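Visitor: One structure, as structure tokens, below. Some questions next.
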Amino acid sequence: MSASAHHNSTPDWQFRITDRDGGVLHGAAVLVSPDHVLTCAHVVRAAAGEDGPGARVRLDAPRHSDTWHTRAAVVEGGWWWDEGPAWDAALLRLDGPAPAVPAPIGTPGPHIPHGHPVHILGFPHAPAGRWLTGLVRGAGGARPEYVQIDVDPSAPVAVTRGFSGSGVRSNDGTLLGIVREAGAEGRLAWMVPVTAVPGLRPGPRAAPGLDHEQLHALAVAVSDLETIVSREVRALFVSALDPRLRRRIDAAAVPAVFSHDLVLRAHRDYEVLDEVLDQLAAWEEASAPMRRVQEAAAPLLRGCGDT
């Protein structure tokens, strides 16, 4: 059974993860910020032949372009493999700008309601994807955080190898989680819900008028600062931020997500980017990473009309 026209016509935030040449499908990844994708750790292991922070994979986007592709690397603090929640997830930073806007991340309570309808797009045997539908049945599977999905028995599509990392979407298009494994010949699936991924929260969306590449470059540079990498120092830094900004950012997010959130909100929402950079400079004491931050920020500050 095909999904609704709403799902088939929506500009899509799901990409494929392939081998280095693009010829072998390993799974999918979903765009959770302008610069980051979420997938399963076991997909990264299969595609990269290695695991952990720094492991690199190739992504493409056949639903958008036959030519676009990029590489992405697992970020520090963004690797969860058989050691704790979310058990089988990885957050990666893209090398280049994505051809889509990020997924709207759902914020369900601890338990998605029994019988909640979902839609899943998978790439096996179809580069542009094949849809299936299902119903949430509740927590279950190999880990207590996972959520079981019963695939519509009338659907001609089942969850097969290559669906891992695919987004599980609510009827309104929000991202609830990613497919982790399947059973019963593809008529059952288990997902890692977004609420189980540490530090992953609904983030701000870049407005069309903002320079995405400049914001990306600045966020990457900020994420390398010791002030951001160290949880203890970051907590002190956040405590001194403008109260409006402090209330809107997640101080516990992984460095890559925190940095993007900090930069975008400071620049777009409150126009205090220069103040935030001054505070970072005071903590960093003229470090080499801070000089790179200041270089990356210069075009944005000029664009604000600073005198």
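Residues are named by chain letter and number: chains run A, B, ... in the order of the structure tokens, numbers start at 1 in each chain, and ligands are numbered from 1 in the order shown.
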Please identify all polymer residues within 10 Å of Gly22 of chain A, counting only C-alpha atoms, omitting same-chain residues fewer than 2 positions from it, and present them as a PyMOL selection string.
Guide: chain A and resi 16-20+24-26+58-60+69
Visitor: Identify, on the basis of only C-alpha atoms, every residue whose closest approach to Gly115 of chain A does not exceed 10 Å; exclude the query and any residue fewer than 5 positions from it along the same chain; express the result as a count of residues only.
Guide: 7
Visitor: Under the rule of at most 9 Å, produce a per-residue listing of segment 136-181 of chain A near segment 77-86 of chain A: chain, number, name, the closest pair of atoms, and the distance in Å, as JSON lines, using only C-alpha atoms.
Guide:
```
{"residue": "A:Arg143", "atom": "CA", "partner": "A:Pro85", "partner_atom": "CA", "distance": 8.9}
{"residue": "A:Glu145", "atom": "CA", "partner": "A:Ala86", "partner_atom": "CA", "distance": 7.2}
{"residue": "A:Tyr146", "atom": "CA", "partner": "A:Ala86", "partner_atom": "CA", "distance": 8.5}
```
Visitor: Restricting the output to C-alpha atoms, write the selected residues as a PDB file, in the first residue's frame.
Guide:
```
ATOM      1  CA  ARG A 143      16.518  -3.088  24.180  1.00  0.00           C
ATOM      2  CA  GLU A 145      14.329   1.889  24.495  1.00  0.00           C
ATOM      3  CA  TYR A 146      13.368   0.386  21.130  1.00  0.00           C
TER       4      TYR A 146
END
```
Visitor: So that I can see what lies close to segment 270-280 of chain A, please list as a PyMOL selection string the residues with an atom at most 10 Å from it, counting only C-alpha atoms and leaving out residues fewer than 5 positions away in the same chain.
Guide: chain A and resi 222+225-228+234+237-238+240-242+244-245+262-265+285-286+290+293-294+297-298+300-301+304+306
Visitor: What would the file look like if the residues just selected were written as a PDB file, in the first residue's frame with C-alpha atoms?
Guide:
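Generated file (out09.pdb):
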```pdb
ATOM      1  CA  VAL A 222      33.007  26.478  17.572  1.00  0.00           C
ATOM      2  CA  LEU A 225      36.778  24.707  21.200  1.00  0.00           C
ATOM      3  CA  GLU A 226      37.795  23.219  24.531  1.00  0.00           C
ATOM      4  CA  THR A 227      35.154  25.449  26.131  1.00  0.00           C
ATOM      5  CA  ILE A 228      32.511  23.495  24.204  1.00  0.00           C
ATOM      6  CA  ARG A 234      30.664  24.443  28.880  1.00  0.00           C
ATOM      7  CA  PHE A 237      30.119  29.236  29.889  1.00  0.00           C
ATOM      8  CA  VAL A 238      26.384  28.672  29.373  1.00  0.00           C
ATOM      9  CA  ALA A 240      26.964  33.387  31.813  1.00  0.00           C
ATOM     10  CA  LEU A 241      25.088  33.688  28.502  1.00  0.00           C
ATOM     11  CA  ASP A 242      22.290  36.120  27.780  1.00  0.00           C
ATOM     12  CA  ARG A 244      17.129  34.556  26.617  1.00  0.00           C
ATOM     13  CA  LEU A 245      19.707  32.469  24.793  1.00  0.00           C
ATOM     14  CA  LEU A 262      24.269  28.279  19.832  1.00  0.00           C
ATOM     15  CA  VAL A 263      25.496  29.972  16.644  1.00  0.00           C
ATOM     16  CA  LEU A 264      22.143  30.054  14.883  1.00  0.00           C
ATOM     17  CA  ARG A 265      20.124  31.272  17.852  1.00  0.00           C
ATOM     18  CA  GLU A 285      42.590  32.902  25.949  1.00  0.00           C
ATOM     19  CA  ALA A 286      43.705  33.397  22.330  1.00  0.00           C
ATOM     20  CA  MET A 290      39.469  30.448  18.803  1.00  0.00           C
ATOM     21  CA  VAL A 293      36.315  30.776  15.132  1.00  0.00           C
ATOM     22  CA  GLN A 294      36.957  34.496  14.748  1.00  0.00           C
ATOM     23  CA  ALA A 297      32.645  34.613  12.163  1.00  0.00           C
ATOM     24  CA  ALA A 298      33.996  37.673  10.361  1.00  0.00           C
ATOM     25  CA  LEU A 300      28.612  37.004   9.515  1.00  0.00           C
ATOM     26  CA  LEU A 301      29.477  39.931  11.734  1.00  0.00           C
ATOM     27  CA  CYS A 304      25.025  42.209  10.636  1.00  0.00           C
ATOM     28  CA  ASP A 306      28.519  45.967  12.834  1.00  0.00           C
TER      29      ASP A 306
END
```
Visitor: Any idea what the distance is between atom CA of Ala139 of chain A and atom CA of Val194 of chain A?
Guide: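 Between atom CA of Ala139 of chain A and atom CA of Val194 of chain A the gap is 13.5 Å.
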Visitor: Using Å and a single decimal, report how far atom CA of Pro113 of chain A sits from atom CA of Trp131 of chain A.
Guide: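 Going from atom CA of Trp131 of chain A over to atom CA of Pro113 of chain A covers 21.8 Å.
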